[in-house]
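Enquirer: I'm passing along query-v6.cif; it holds mmCIF, C-alpha atoms (C1' of nucleotides).
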```cif
data_input
#
loop_
_atom_site.label_atom_id
_atom_site.label_comp_id
_atom_site.auth_asym_id
_atom_site.auth_seq_id
_atom_site.Cartn_x
_atom_site.Cartn_y
_atom_site.Cartn_z
CA MET A 1 214.45 151.31 20.71
CA GLY A 2 212.44 149.39 23.26
CA LEU A 3 210.12 148.62 20.40
CA THR A 4 209.54 145.03 19.33
CA LYS A 5 210.39 144.50 15.66
CA THR A 6 207.22 142.63 14.68
CA GLU A 7 207.86 143.12 10.96
CA ILE A 8 210.72 140.64 10.81
CA PHE A 9 208.63 137.78 12.22
CA THR A 10 205.86 135.68 10.72
CA ASP A 11 202.19 136.35 11.46
CA GLN A 12 202.08 133.09 13.37
CA GLN A 13 205.05 134.03 15.54
CA ASN A 14 203.53 137.42 16.29
CA GLN A 15 200.15 135.87 17.06
CA ILE A 16 201.68 133.39 19.50
CA SER A 17 203.56 136.16 21.27
CA VAL A 18 200.48 138.37 21.51
CA PHE A 19 198.44 135.61 23.15
CA ALA A 20 201.34 134.65 25.39
CA LYS A 21 201.74 138.25 26.48
CA ALA A 22 198.09 138.22 27.58
CA PHE A 23 198.92 135.32 29.90
CA GLY A 24 202.14 137.00 30.94
CA HIS A 25 200.59 138.62 34.00
CA PRO A 26 199.29 136.65 36.99
CA ALA A 27 196.26 138.95 37.37
CA ARG A 28 195.03 138.05 33.90
CA VAL A 29 195.70 134.39 34.57
CA ALA A 30 193.70 134.70 37.81
CA ILE A 31 190.81 136.47 36.06
CA LEU A 32 190.60 133.81 33.38
CA GLN A 33 190.87 130.94 35.86
CA TYR A 34 188.11 132.51 37.92
CA LEU A 35 185.81 132.86 34.93
CA PHE A 36 186.42 129.20 34.11
CA LYS A 37 185.80 128.15 37.71
CA ILE A 38 182.54 130.11 37.99
CA ASP A 39 181.48 128.27 34.87
CA THR A 40 179.01 130.98 33.88
CA CYS A 41 178.90 134.70 33.48
CA PHE A 42 180.29 136.57 36.43
CA CYS A 43 178.45 139.78 37.09
CA GLY A 44 179.89 140.46 40.49
CA ASP A 45 182.90 142.26 41.81
CA LEU A 46 186.03 140.88 40.24
CA VAL A 47 188.07 143.42 42.19
CA LYS A 48 187.30 141.62 45.48
CA GLU A 49 188.25 138.29 43.95
CA ILE A 50 191.62 139.34 42.61
CA GLY A 51 192.83 141.95 45.07
CA LEU A 52 194.01 144.79 42.87
CA ALA A 53 192.49 148.26 42.56
CA GLN A 54 189.43 148.68 40.39
CA PRO A 55 191.13 150.68 37.61
CA THR A 56 193.87 148.06 37.42
CA ILE A 57 191.40 145.20 37.05
CA SER A 58 189.46 147.21 34.49
CA GLN A 59 192.64 147.67 32.50
CA HIS A 60 193.44 143.94 32.54
CA LEU A 61 189.86 143.13 31.50
CA LYS A 62 190.19 145.56 28.63
CA GLU A 63 193.23 143.74 27.29
CA LEU A 64 191.54 140.36 27.53
CA LYS A 65 188.46 141.78 25.80
CA TYR A 66 190.60 143.35 23.07
CA LEU A 67 192.09 139.94 22.30
CA GLY A 68 188.60 138.44 22.29
CA LEU A 69 189.33 135.96 25.06
CA ILE A 70 186.48 137.27 27.21
CA LYS A 71 183.15 138.92 26.54
CA GLY A 72 181.50 141.60 28.66
CA THR A 73 177.82 142.44 28.49
CA VAL A 74 176.21 145.25 30.45
CA GLU A 75 173.70 144.04 33.03
CA GLY A 76 172.24 146.98 34.85
CA THR A 77 174.95 148.88 36.68
CA SER A 78 177.35 145.97 36.53
CA VAL A 79 178.99 144.10 33.66
CA CYS A 80 178.77 140.37 33.04
CA TYR A 81 182.01 138.70 32.06
CA CYS A 82 182.61 135.30 30.60
CA ILE A 83 185.09 133.38 28.49
CA ASP A 84 184.56 133.67 24.75
CA LYS A 85 184.54 129.96 24.03
CA GLU A 86 185.08 130.19 20.27
CA ASN A 87 187.99 132.55 20.50
CA TRP A 88 189.46 130.60 23.39
CA ALA A 89 189.38 127.46 21.25
CA ALA A 90 191.01 129.32 18.37
CA MET A 91 193.74 130.61 20.69
CA LYS A 92 194.27 127.11 22.06
CA GLU A 93 194.91 125.82 18.58
CA VAL A 94 197.52 128.47 17.86
CA MET A 95 199.26 127.96 21.20
CA GLY A 96 198.90 124.20 20.99
CA ASP A 97 200.68 124.03 17.64
CA PHE A 98 203.56 125.83 19.25
CA LEU A 99 203.69 124.04 22.59
CA ASP A 100 203.02 120.53 21.30
CA GLN A 101 206.05 120.47 19.06
CA ASP A 102 207.97 117.35 19.76
CA LEU A 103 211.47 116.12 19.25
CA PRO A 104 212.29 112.49 18.57
CA GLU A 105 214.82 110.98 20.91
CA ASN A 106 218.12 112.00 19.45
CA GLU A 107 221.12 110.60 21.22
CA GLU A 108 223.56 112.60 19.13
CA CYS A 109 222.20 115.75 20.70
CA CYS A 110 223.72 117.41 23.74
CA MET B 1 204.07 151.11 40.95
CA GLY B 2 204.84 149.50 37.64
CA LEU B 3 205.72 146.45 39.67
CA THR B 4 203.71 143.26 39.34
CA LYS B 5 202.25 142.21 42.69
CA THR B 6 203.27 138.56 42.55
CA GLU B 7 202.64 138.03 46.26
CA ILE B 8 198.87 138.16 45.93
CA PHE B 9 198.76 135.33 43.39
CA THR B 10 199.25 131.61 43.70
CA ASP B 11 202.51 129.91 42.76
CA GLN B 12 200.73 128.27 39.88
CA GLN B 13 199.43 131.58 38.55
CA ASN B 14 202.87 133.13 38.80
CA GLN B 15 204.47 130.13 37.13
CA ILE B 16 202.04 130.28 34.21
CA SER B 17 202.69 133.99 33.74
CA VAL B 18 206.45 133.55 33.85
CA PHE B 19 206.40 130.90 31.13
CA ALA B 20 203.90 132.91 29.10
CA LYS B 21 206.10 135.98 29.35
CA ALA B 22 208.94 133.96 27.83
CA PHE B 23 206.74 133.31 24.80
CA GLY B 24 205.56 136.91 24.81
CA HIS B 25 208.18 138.02 22.33
CA PRO B 26 208.26 136.87 18.69
CA ALA B 27 212.06 136.58 18.71
CA ARG B 28 211.94 133.99 21.50
CA VAL B 29 209.14 132.16 19.70
CA ALA B 30 211.24 132.16 16.54
CA ILE B 31 214.33 130.90 18.37
CA LEU B 32 212.40 128.03 19.93
CA GLN B 33 210.66 127.11 16.68
CA TYR B 34 214.00 127.07 14.93
CA LEU B 35 215.55 124.78 17.53
CA PHE B 36 212.59 122.43 17.13
CA LYS B 37 212.86 122.53 13.34
CA ILE B 38 216.59 121.84 13.33
CA ASP B 39 215.77 118.82 15.46
CA THR B 40 219.24 118.69 16.96
CA CYS B 41 221.72 120.99 18.59
CA PHE B 42 222.28 124.17 16.66
CA CYS B 43 225.86 125.35 16.84
CA GLY B 44 225.61 127.92 14.10
CA ASP B 45 224.75 131.56 13.87
CA LEU B 46 221.31 132.18 15.31
CA VAL B 47 221.72 135.89 14.62
CA LYS B 48 221.54 135.28 10.86
CA GLU B 49 218.46 133.12 11.30
CA ILE B 50 216.46 135.59 13.35
CA GLY B 51 217.56 138.98 12.08
CA LEU B 52 218.25 140.94 15.25
CA ALA B 53 221.61 142.19 16.49
CA GLN B 54 223.89 139.74 18.24
CA PRO B 55 223.57 141.26 21.73
CA THR B 56 219.79 141.20 21.40
CA ILE B 57 219.72 137.53 20.46
CA SER B 58 222.16 136.76 23.26
CA GLN B 59 219.81 138.45 25.71
CA HIS B 60 216.79 136.46 24.51
CA LEU B 61 218.80 133.23 24.73
CA LYS B 62 219.79 134.12 28.27
CA GLU B 63 216.15 134.41 29.31
CA LEU B 64 215.23 131.10 27.72
CA LYS B 65 218.22 129.46 29.40
CA TYR B 66 217.30 131.00 32.75
CA LEU B 67 213.85 129.40 32.53
CA GLY B 68 215.46 126.11 31.55
CA LEU B 69 213.66 125.84 28.24
CA ILE B 70 216.92 125.59 26.30
CA LYS B 71 220.40 124.30 27.03
CA GLY B 72 223.64 125.74 25.74
CA THR B 73 226.89 123.85 25.70
CA VAL B 74 230.18 125.39 24.65
CA GLU B 75 231.63 123.80 21.53
CA GLY B 76 234.90 125.45 20.65
CA THR B 77 234.34 129.12 19.96
CA SER B 78 230.65 128.68 19.40
CA VAL B 79 227.80 127.48 21.60
CA CYS B 80 225.47 124.61 20.89
CA TYR B 81 221.83 125.26 21.67
CA CYS B 82 218.96 122.86 21.96
CA ILE B 83 215.58 122.48 23.60
CA ASP B 84 215.68 121.06 27.12
CA LYS B 85 213.18 118.28 26.55
CA GLU B 86 212.42 117.52 30.18
CA ASN B 87 211.82 121.11 31.16
CA TRP B 88 209.83 121.72 28.01
CA ALA B 89 207.57 118.82 28.92
CA ALA B 90 207.16 120.17 32.45
CA MET B 91 206.29 123.60 31.10
CA LYS B 92 203.79 122.05 28.70
CA GLU B 93 202.02 120.40 31.59
CA VAL B 94 201.71 123.67 33.50
CA MET B 95 200.51 125.59 30.46
CA GLY B 96 198.30 122.74 29.34
CA ASP B 97 196.43 122.66 32.64
CA PHE B 98 195.66 126.31 32.13
CA LEU B 99 194.84 126.30 28.42
CA ASP B 100 192.87 123.07 28.35
CA GLN B 101 190.28 124.25 30.81
CA ASP B 102 186.88 123.64 29.32
CA LEU B 103 183.43 124.95 29.87
CA PRO B 104 180.36 122.78 29.39
CA GLU B 105 177.78 124.19 27.03
CA ASN B 106 175.80 126.57 29.20
CA GLU B 107 172.87 128.19 27.45
CA GLU B 108 172.12 130.46 30.39
CA CYS B 109 175.41 132.19 29.79
CA CYS B 110 175.75 135.33 27.68
"C1'" DC C 1 165.30 165.62 39.55
"C1'" DC C 2 169.03 163.60 43.09
"C1'" DT C 3 171.77 159.90 44.91
"C1'" DA C 4 173.87 155.60 45.11
"C1'" DT C 5 176.38 151.88 42.61
"C1'" DT C 6 179.40 150.03 39.28
"C1'" DA C 7 182.67 150.20 35.65
"C1'" DA C 8 185.55 152.86 32.38
"C1'" DT C 9 188.83 156.47 31.44
"C1'" DC C 10 192.48 159.90 32.39
"C1'" DG C 11 196.73 161.17 34.18
"C1'" DT C 12 200.86 160.00 36.11
"C1'" DA C 13 204.68 157.63 38.62
"C1'" DA C 14 207.45 153.57 38.94
"C1'" DT C 15 209.34 149.68 36.93
"C1'" DA C 16 210.24 146.44 32.99
"C1'" DT C 17 211.44 145.34 28.35
"C1'" DT C 18 213.62 145.82 23.95
"C1'" DG C 19 217.42 146.85 21.05
"C1'" DC C 20 221.99 147.91 19.88
"C1'" DA C 21 226.85 150.04 19.91
"C1'" DA C 22 230.86 149.26 22.29
"C1'" DT C 23 233.46 146.30 24.74
"C1'" DA C 24 235.02 142.18 27.05
"C1'" DA C 25 235.75 137.27 27.35
"C1'" DA C 26 236.88 132.72 25.68
"C1'" DA C 27 238.54 129.48 22.52
"C1'" DT C 28 240.95 128.39 18.19
"C1'" DA C 29 244.38 128.99 14.56
"C1'" DA C 30 248.40 130.75 12.76
"C1'" DT D 1 252.17 135.44 21.07
"C1'" DT D 2 249.00 137.51 17.96
"C1'" DA D 3 245.07 137.47 15.15
"C1'" DT D 4 240.43 135.63 14.37
"C1'" DT D 5 235.98 134.01 15.57
"C1'" DT D 6 232.11 133.67 18.39
"C1'" DT D 7 229.39 134.74 22.34
"C1'" DA D 8 228.49 137.41 26.63
"C1'" DT D 9 228.27 141.70 29.12
"C1'" DT D 10 227.83 146.65 29.86
"C1'" DG D 11 225.62 150.88 29.31
"C1'" DC D 12 222.14 153.45 27.69
"C1'" DA D 13 218.05 155.30 25.07
"C1'" DA D 14 213.36 154.43 23.68
"C1'" DT D 15 209.19 152.30 24.47
"C1'" DA D 16 205.90 149.32 27.13
"C1'" DT D 17 203.66 147.76 31.22
"C1'" DT D 18 201.75 147.99 35.74
"C1'" DA D 19 199.31 150.21 39.31
"C1'" DC D 20 196.31 153.45 41.32
"C1'" DG D 21 194.07 158.12 42.70
"C1'" DA D 22 190.87 161.08 40.73
"C1'" DT D 23 187.41 161.63 37.72
"C1'" DT D 24 183.92 160.52 34.49
"C1'" DA D 25 180.09 157.76 32.38
"C1'" DA D 26 176.04 154.93 32.85
"C1'" DT D 27 172.35 152.84 35.06
"C1'" DA D 28 169.01 151.98 38.91
"C1'" DG D 29 166.12 153.51 42.52
"C1'" DG D 30 164.07 156.67 44.89
#
```
Spell out the structure here as structure tokens.
Expert:
Amino acid sequence: MGLTKTEIFTDQQNQISVFAKAFGHPARVAILQYLFKIDTCFCGDLVKEIGLAQPTISQHLKELKYLGLIKGTVEGTSVCYCIDKENWAAMKEVMGDFLDQDLPENEECC
Amino acid sequence: MGLTKTEIFTDQQNQISVFAKAFGHPARVAILQYLFKIDTCFCGDLVKEIGLAQPTISQHLKELKYLGLIKGTVEGTSVCYCIDKENWAAMKEVMGDFLDQDLPENEECC
DNA sequence: CCTATTAATCGTAATATTGCAATAAAATAA
DNA sequence: TTATTTTATTGCAATATTACGATTAATAGG
């Protein structure tokens, strides 16, 4: 056990949870917010910005890259990171459909 | 180690990650979607709907209740669950601020 | 070539999460 | 009171995640 039973859920439900899990750590939230704030590629030292060890940041970046939310292009000895706009928009649609669900006012409800 | 360093992040970043973590499991996504679909309190057997063991569902419900996303009121031997509309709206605002960040078209970017 | 610089990977320890059997608790019905 | 029904809790095993030291690429500049 300890293993999520993905097979009993819909693709949509699994997709939502995979994206949500990516945002489920403040370091990844901070990385993404920083890339948005910088508003261009960031080819500097993300480790200094966030405050975790370099291997830890690298690991978080890897996850975000794997999901396609960020892109990384080699620029000399450093790597340039930025938000993948298309994939971010696609993710937003999936998450939006889930979050923007609405309930009519129902007075019979608890 | 193995412990998230929440103290180095902002309250907002931690809040986003806590909500995201709640959606980071397909069972919790499924539970929430079902409560939205039912569109009223659900006082039936959520275990049959989702397909996990009763203690597992109970645990997921506990987490969602702890975050305030759902309410549960005792109704005889069973419990009535529904979305907490106010808290859901508050959560949506926090997550929305994060997800709806936008980048202007920047051709100098990678 | 050698030496910095920067980022990725490996290995590992600590903690967290998931899932369920067994059990307990709470309310109803007989 | 004694079942019955429904949900919560406990305890535990399996897996996942987080973090970082040590090491390994990969590139740039002598």
Enquirer: At a cut-off of 10 Å, using all atoms listed in the file, what residues contact DA16 of chain D? Leave out same-chain residues fewer than 5 positions from it and give the result as a list in words.
Expert: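 That gives Gly2, Leu3 and Thr4 of chain A; DA16, DT17 and DT18 of chain C.
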Enquirer: Write a file of the just-selected residues containing C-alpha atoms (C1' of nucleotides), as a short mmCIF file (atom, residue, chain, number, x, y, z; two decimals), keeping the file's coordinate frame.
Expert:
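Resulting contents of selection28.cif:
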```
data_model
loop_
_atom_site.label_atom_id
_atom_site.label_comp_id
_atom_site.auth_asym_id
_atom_site.auth_seq_id
_atom_site.Cartn_x
_atom_site.Cartn_y
_atom_site.Cartn_z
CA GLY A 2 212.44 149.39 23.26
CA LEU A 3 210.12 148.62 20.40
CA THR A 4 209.54 145.03 19.33
"C1'" DA C 16 210.24 146.44 32.99
"C1'" DT C 17 211.44 145.34 28.35
"C1'" DT C 18 213.62 145.82 23.95
#
```
Enquirer: Could you write out as a tab-separated table (two decimals) with C-alpha atoms, in the coordinates of the input the residues of chain B within 7 Å of chain A, counting only C-alpha atoms?
Expert:
```tsv
chain	number	residue	atom	x	y	z
B	9	PHE	CA	198.76	135.33	43.39
B	13	GLN	CA	199.43	131.58	38.55
B	14	ASN	CA	202.87	133.13	38.80
B	17	SER	CA	202.69	133.99	33.74
B	18	VAL	CA	206.45	133.55	33.85
B	20	ALA	CA	203.90	132.91	29.10
B	21	LYS	CA	206.10	135.98	29.35
B	23	PHE	CA	206.74	133.31	24.80
B	24	GLY	CA	205.56	136.91	24.81
B	25	HIS	CA	208.18	138.02	22.33
B	26	PRO	CA	208.26	136.87	18.69
B	29	VAL	CA	209.14	132.16	19.70
B	30	ALA	CA	211.24	132.16	16.54
B	36	PHE	CA	212.59	122.43	17.13
B	39	ASP	CA	215.77	118.82	15.46
B	40	THR	CA	219.24	118.69	16.96
B	41	CYS	CA	221.72	120.99	18.59
B	92	LYS	CA	203.79	122.05	28.70
B	99	LEU	CA	194.84	126.30	28.42
B	103	LEU	CA	183.43	124.95	29.87
B	109	CYS	CA	175.41	132.19	29.79
B	110	CYS	CA	175.75	135.33	27.68
```
Enquirer: Least-squares superpose chain A onto chain B - every C-alpha atom, paired in order - and show me the moved coordinates as a compact mmCIF listing (two decimals) with C-alpha atoms, in the frame of the given file.
Expert:
```txt
# COMPACT_ATOMS: atom_id res chain seq x y z
CA MET A 1 204.38 151.17 40.82
CA GLY A 2 204.96 149.42 37.53
CA LEU A 3 205.81 146.42 39.63
CA THR A 4 203.76 143.24 39.33
CA LYS A 5 202.29 142.20 42.68
CA THR A 6 203.30 138.53 42.54
CA GLU A 7 202.66 138.02 46.26
CA ILE A 8 198.88 138.16 45.94
CA PHE A 9 198.76 135.33 43.38
CA THR A 10 199.25 131.59 43.70
CA ASP A 11 202.53 129.90 42.75
CA GLN A 12 200.73 128.27 39.85
CA GLN A 13 199.41 131.58 38.54
CA ASN A 14 202.86 133.14 38.79
CA GLN A 15 204.47 130.14 37.10
CA ILE A 16 202.03 130.29 34.19
CA SER A 17 202.67 133.99 33.73
CA VAL A 18 206.44 133.56 33.85
CA PHE A 19 206.38 130.91 31.11
CA ALA A 20 203.88 132.91 29.08
CA LYS A 21 206.08 135.98 29.34
CA ALA A 22 208.93 133.95 27.82
CA PHE A 23 206.72 133.32 24.79
CA GLY A 24 205.55 136.91 24.82
CA HIS A 25 208.17 138.03 22.31
CA PRO A 26 208.24 136.86 18.69
CA ALA A 27 212.06 136.57 18.71
CA ARG A 28 211.93 133.98 21.47
CA VAL A 29 209.13 132.17 19.70
CA ALA A 30 211.25 132.17 16.52
CA ILE A 31 214.33 130.88 18.37
CA LEU A 32 212.39 128.04 19.94
CA GLN A 33 210.64 127.11 16.69
CA TYR A 34 214.00 127.07 14.94
CA LEU A 35 215.54 124.79 17.54
CA PHE A 36 212.59 122.43 17.14
CA LYS A 37 212.84 122.54 13.35
CA ILE A 38 216.59 121.83 13.32
CA ASP A 39 215.77 118.83 15.46
CA THR A 40 219.25 118.72 16.98
CA CYS A 41 221.71 121.03 18.59
CA PHE A 42 222.28 124.20 16.66
CA CYS A 43 225.84 125.40 16.89
CA GLY A 44 225.66 127.95 14.15
CA ASP A 45 224.76 131.58 13.93
CA LEU A 46 221.32 132.16 15.33
CA VAL A 47 221.72 135.88 14.65
CA LYS A 48 221.55 135.27 10.87
CA GLU A 49 218.46 133.12 11.30
CA ILE A 50 216.46 135.58 13.35
CA GLY A 51 217.59 138.97 12.10
CA LEU A 52 218.27 140.92 15.27
CA ALA A 53 221.63 142.17 16.53
CA GLN A 54 223.90 139.72 18.29
CA PRO A 55 223.58 141.24 21.78
CA THR A 56 219.80 141.19 21.43
CA ILE A 57 219.72 137.51 20.48
CA SER A 58 222.14 136.74 23.29
CA GLN A 59 219.81 138.45 25.72
CA HIS A 60 216.78 136.47 24.53
CA LEU A 61 218.79 133.23 24.75
CA LYS A 62 219.75 134.11 28.29
CA GLU A 63 216.12 134.41 29.32
CA LEU A 64 215.20 131.10 27.73
CA LYS A 65 218.20 129.46 29.41
CA TYR A 66 217.27 131.00 32.77
CA LEU A 67 213.83 129.40 32.53
CA GLY A 68 215.45 126.11 31.57
CA LEU A 69 213.65 125.84 28.25
CA ILE A 70 216.91 125.60 26.31
CA LYS A 71 220.38 124.31 27.05
CA GLY A 72 223.64 125.77 25.77
CA THR A 73 226.91 123.87 25.72
CA VAL A 74 230.21 125.39 24.63
CA GLU A 75 231.63 123.80 21.49
CA GLY A 76 234.88 125.46 20.60
CA THR A 77 234.34 129.13 19.89
CA SER A 78 230.63 128.68 19.37
CA VAL A 79 227.81 127.51 21.62
CA CYS A 80 225.45 124.63 20.91
CA TYR A 81 221.82 125.29 21.68
CA CYS A 82 218.95 122.88 21.97
CA ILE A 83 215.57 122.49 23.62
CA ASP A 84 215.67 121.07 27.13
CA LYS A 85 213.16 118.30 26.54
CA GLU A 86 212.41 117.54 30.19
CA ASN A 87 211.82 121.11 31.16
CA TRP A 88 209.83 121.73 28.00
CA ALA A 89 207.55 118.83 28.92
CA ALA A 90 207.17 120.18 32.45
CA MET A 91 206.29 123.62 31.09
CA LYS A 92 203.79 122.06 28.70
CA GLU A 93 202.01 120.43 31.59
CA VAL A 94 201.70 123.68 33.50
CA MET A 95 200.51 125.61 30.45
CA GLY A 96 198.29 122.75 29.32
CA ASP A 97 196.41 122.67 32.62
CA PHE A 98 195.66 126.31 32.11
CA LEU A 99 194.83 126.32 28.41
CA ASP A 100 192.86 123.07 28.33
CA GLN A 101 190.27 124.25 30.80
CA ASP A 102 186.89 123.63 29.35
CA LEU A 103 183.41 124.91 29.87
CA PRO A 104 180.34 122.76 29.38
CA GLU A 105 177.78 124.18 27.03
CA ASN A 106 175.79 126.53 29.17
CA GLU A 107 172.87 128.14 27.44
CA GLU A 108 172.09 130.38 30.39
CA CYS A 109 175.36 132.16 29.81
CA CYS A 110 175.72 135.31 27.75
```
Enquirer: Per residue of chain D within 9 Å of chain B, what are the shortest atom pair and its distance in Å to one decimal, counting only C-alpha atoms (C1' of nucleotides), with rows by chain and residue number, as a Markdown table?
Expert:
```
| residue | atom | partner | partner_atom | distance |
| --- | --- | --- | --- | --- |
| D:DT5 | C1' | B:Thr77 | CA | 6.8 |
| D:DT6 | C1' | B:Ser78 | CA | 5.3 |
| D:DT7 | C1' | B:Ser78 | CA | 6.9 |
| D:DA8 | C1' | B:Ser58 | CA | 7.2 |
| D:DT9 | C1' | B:Pro55 | CA | 8.8 |
| D:DT17 | C1' | B:Gly2 | CA | 6.8 |
| D:DT18 | C1' | B:Gly2 | CA | 3.9 |
| D:DA19 | C1' | B:Met1 | CA | 5.1 |
| D:DC20 | C1' | B:Met1 | CA | 8.1 |
```
Enquirer: Measuring atom to atom with all atoms listed in the file, identify which of B:Ile57, B:Cys43, B:Ile70, B:Ala90 is nearest to chain C.
Expert: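 Ranking B:Ile57, B:Cys43, B:Ile70, B:Ala90 by distance to chain C, first place goes to B:Ile57.
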Enquirer: Got a sec to resolve the PyMOL selection byres ((chain C) within 10 of (chain A)) on this structure and send the residues as a ChimeraX atom specification?
Expert: /C:5-9,17-20
Enquirer: Considering only C-alpha atoms, state which residue in the set B:Val47, B:Ile31, B:Asp97, B:Asn87 is at the smallest distance from Gly68 of chain B.
Expert: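 Nearest candidate to Gly68 of chain B out of B:Val47, B:Ile31, B:Asp97, B:Asn87: B:Asn87.
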Enquirer: Please measure the separation of atom CA of Leu64 of chain A and atom CA of Leu69 of chain B, giving the value in Å to one decimal.
Expert: 26.5 Å
Enquirer: Could you tell me which residues the PyMOL selection byres ((chain C and resi 11) around 9) returns for this structure, as a PyMOL selection string?
Expert: (chain C and resi 10+12) or (chain D and resi 22)
Enquirer: Grab the atom CA of Leu46 of chain B to atom CA of Glu63 of chain B distance for me, in Å with one decimal place.
Expert: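 So the two atoms, atom CA of Leu46 of chain B and atom CA of Glu63 of chain B, lie 15.1 Å apart.
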Enquirer: When the PyMOL selection byres ((chain C and resi 24) around 10) is applied to the structure above, which residues does it catch, written out as a PyMOL selection string?
Expert: (chain C and resi 22-23+25-26) or (chain D and resi 8-10)
Enquirer: Please compute the atom CA of Leu61 of chain B-atom C1' of DT4 of chain D distance, one decimal, in Å.
Expert: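 Separating atom CA of Leu61 of chain B from atom C1' of DT4 of chain D is a distance of 24.1 Å.
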Enquirer: Would you mind listing what lies within 12 Å of DT3 of chain C as a compact mmCIF listing (two decimals) with C-alpha atoms (C1' of nucleotides), in the coordinates of the input, with all atoms listed in the file counted and same-chain residues fewer than 6 positions away left out?
Expert:
```txt
# COMPACT_ATOMS: atom_id res chain seq x y z
C1' DA D 28 169.01 151.98 38.91
C1' DG D 29 166.12 153.51 42.52
C1' DG D 30 164.07 156.67 44.89
```
